[in-house]
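Contents: one structure, followed by commentary.
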Amino acid sequence: MAAPNDADFRHAGEPAGPPGPAVLTTPAAMQRWRRDHPGDLGFVPTMGYLHEGHLALVRRAKAENALTVVSIFVNPTQFGPGEDFERYPRDEVRDLQLLREAGVDAVYLPSAAEMYPPGYQTYVTVEEVTRRLEGAARPGHFRGVATVVLKLFNAVGPTRAYFGRKDAQQLRVIRRMVRDLDLPVEIVPCDIVREPDGLAMSSRNVYLSPEQRAAAPVIKRSLDAAAAAWAAGERDAETLRRIVREVIAGEPLAALEYVSLADDETLEELEGTVGGPALLSLVVRFGATRLLDNIELA
Ligand SMILES: Nc1ncnc2c1ncn2[C@@H]1O[C@H](COP(=O)(O)OP(=O)(O)OP(=O)(O)O)[C@@H](O)[C@H]1O
Ligand SMILES: CC(C)(CO)[C@@H](O)C(=O)[O-]
Ligand code: BAL
C-alpha cells in the first residue's frame, strides 16, 4: 500500500510561514530527497515523543553538518511480546513543530507497512555485544534495532549519525555494525541530558506516577555514589556494584532489575580489580516502567 508520490514529499507547517522541514514517508522518497540534497548530512534516529535529549542531538547534528535529518519511527521489530509497543507515547504534531523550530531540513516518517511490507524477511544480527544486559533482558531487541538502523541509514544516506549515551549498549551495537559492515557513516556519541534533579530524560518518563517520578532520581544518586567511590580510588568491581544496589534498596518504589560493571567496549562483565575504562549501567523498575541509566568510569 504505497502512498501516492505527492504524499511522499510535503512541507509541514503553514504555507505562509518560512518553509518547514520536508516530510518523507517512504524509503524511495527519502532516497530521492537525499539525491537532490548533496553535502554533509547529520542524522538523528528517534522513536519520537521528542524531549530535550533528542533536541540536543539535533542541535549537534545541525552544528556539524550542512543538512540535518531526523527520523521518527516506533520500530515494532525491537519490541518483544508484552512490551510497550502499543502504548509507547506518540505526538507527531508536536514533534513536527519542535523539529520545525529546530530548523531541521527533513523528517523521515515511514510507516511500519513501508518498512516491513508483506514478505519481509531480512534481519541484521550483531553477536557478542548484544548477548548481555538489554540484549538478555529483551530477547530480539538489538536484532530489531540493528535492522531498522541499517534500513534508516540506507534511506537517509547520512555522513554522521548521532546517538545518545543513555542507550549505552545500543551505541556499542551500532558502532560494531558500522565497523563490521563497512558502512560509510561516522557514529557520534552524545552525552546524556538530564532533568534538573538528575533523572535522565526519556520518553518513557511520562509513564511514571507523581510518586514514582519523585523517587526516580535515586537512579542517578546510585551512579553518583559509585562514581564518588571510583574517584576516591575504589577499583573493586563487586564493591562498585554493591554501592549502586544499596542506594537503590533505600527507595521503596524502586526495584533494581540489574546493575552491571562491564568493559567499556565489549560489555563483558568485570570481576576483581578494574583496570581500564568501564561502563556502570543499571535498569530500575518503577511499577511496570523500566528506566535505564549509566555512567562511564575512566
Ligand atoms: N536523555 C537523553 N540524553 C541524550 N540522548 C538521549 C536521551 N534520551 C534519548 N536519547 C537518544 O535519543 C535517540 C532516540 O531515542 P528514543 O527515541 O528511544 O528516546 P528515549 O527517550 O530514549 O526513549 P525511551 O527512553 O523511551 O527508549 C537515541 O540515540 C537515544 O539514546
Ligand atoms: C535507534 C532507534 C531509533 C531505532 O529504532 C531507537 O532504538 C532509539 O530511539 O533509540
Ligand atoms: N531508546 C531505546 C529504544 C527502546 O527502548 O526500544
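The chains in the C-alpha cells are called A, B, ... from first to last as shown; in each chain the residues are counted from 1, and the ligands are counted from 1 in the order shown.
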
Pick out the residues sitting within 12 Å of segment 53-62 of chain A, and hand them over as number ranges by chain; count only C-alpha atoms, and ignore anything fewer than 2 positions along from it in its own chain.
A: 40-51, 64-72, 95, 98-107, 158-167, 186-195, 199-203

Please report, as a tab-separated table, each residue of segment 110-217 of chain A lying at most 8 Å from segment 269-291 of chain A, together with the nearest pair of atoms and the separation in Å rounded to one decimal; use only C-alpha atoms, and order rows by chain and ascending residue number.
residue	atom	partner	partner_atom	distance
A:Arg204	CA	A:Thr289	CA	7.4
A:Asn205	CA	A:Leu291	CA	7.9
A:Tyr207	CA	A:Thr289	CA	6.7
A:Leu208	CA	A:Thr289	CA	7.1
A:Gln212	CA	A:Phe286	CA	6.3
A:Ala216	CA	A:Phe286	CA	7.9

Same residues, N, CA and C atoms, saved as a PDB file, in the first residue's frame:
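Okay, again-v6.pdb is ready:
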ATOM      1  N   ARG A 204       9.855   7.562  28.080  1.00  0.00           N
ATOM      2  CA  ARG A 204       9.104   6.690  28.988  1.00  0.00           C
ATOM      3  C   ARG A 204       8.894   7.308  30.375  1.00  0.00           C
ATOM      4  N   ASN A 205       9.547   8.441  30.680  1.00  0.00           N
ATOM      5  CA  ASN A 205       9.313   9.067  31.996  1.00  0.00           C
ATOM      6  C   ASN A 205       7.847   9.445  32.163  1.00  0.00           C
ATOM      7  N   TYR A 207       5.358   7.684  31.750  1.00  0.00           N
ATOM      8  CA  TYR A 207       4.599   6.585  32.372  1.00  0.00           C
ATOM      9  C   TYR A 207       4.580   6.683  33.897  1.00  0.00           C
ATOM     10  N   LEU A 208       5.499   7.462  34.487  1.00  0.00           N
ATOM     11  CA  LEU A 208       5.654   7.454  35.953  1.00  0.00           C
ATOM     12  C   LEU A 208       4.513   8.191  36.639  1.00  0.00           C
ATOM     13  N   GLN A 212       6.227   7.992  41.757  1.00  0.00           N
ATOM     14  CA  GLN A 212       7.367   7.321  41.117  1.00  0.00           C
ATOM     15  C   GLN A 212       8.338   8.352  40.543  1.00  0.00           C
ATOM     16  N   ALA A 216      12.346   8.728  41.305  1.00  0.00           N
ATOM     17  CA  ALA A 216      13.236   8.257  40.232  1.00  0.00           C
ATOM     18  C   ALA A 216      14.671   8.823  40.270  1.00  0.00           C
TER      19      ALA A 216
END

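Residue nearest Arg138 of chain A, chosen from A:Asp224, A:Asp84, A:Glu268, A:Glu92 and counting only C-alpha atoms: A:Asp84.
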
In segment 134-288 of chain A, what's alpha helix (DSSP H) per DSSP? Answer as an MDAnalysis selection string?
chainID A and resid 134:137 141:156 168:180 210:215 218:231 237:249

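From atom CA of Ser111 of chain A back to atom CA of Phe85 of chain A, the distance works out to 14.1 Å.
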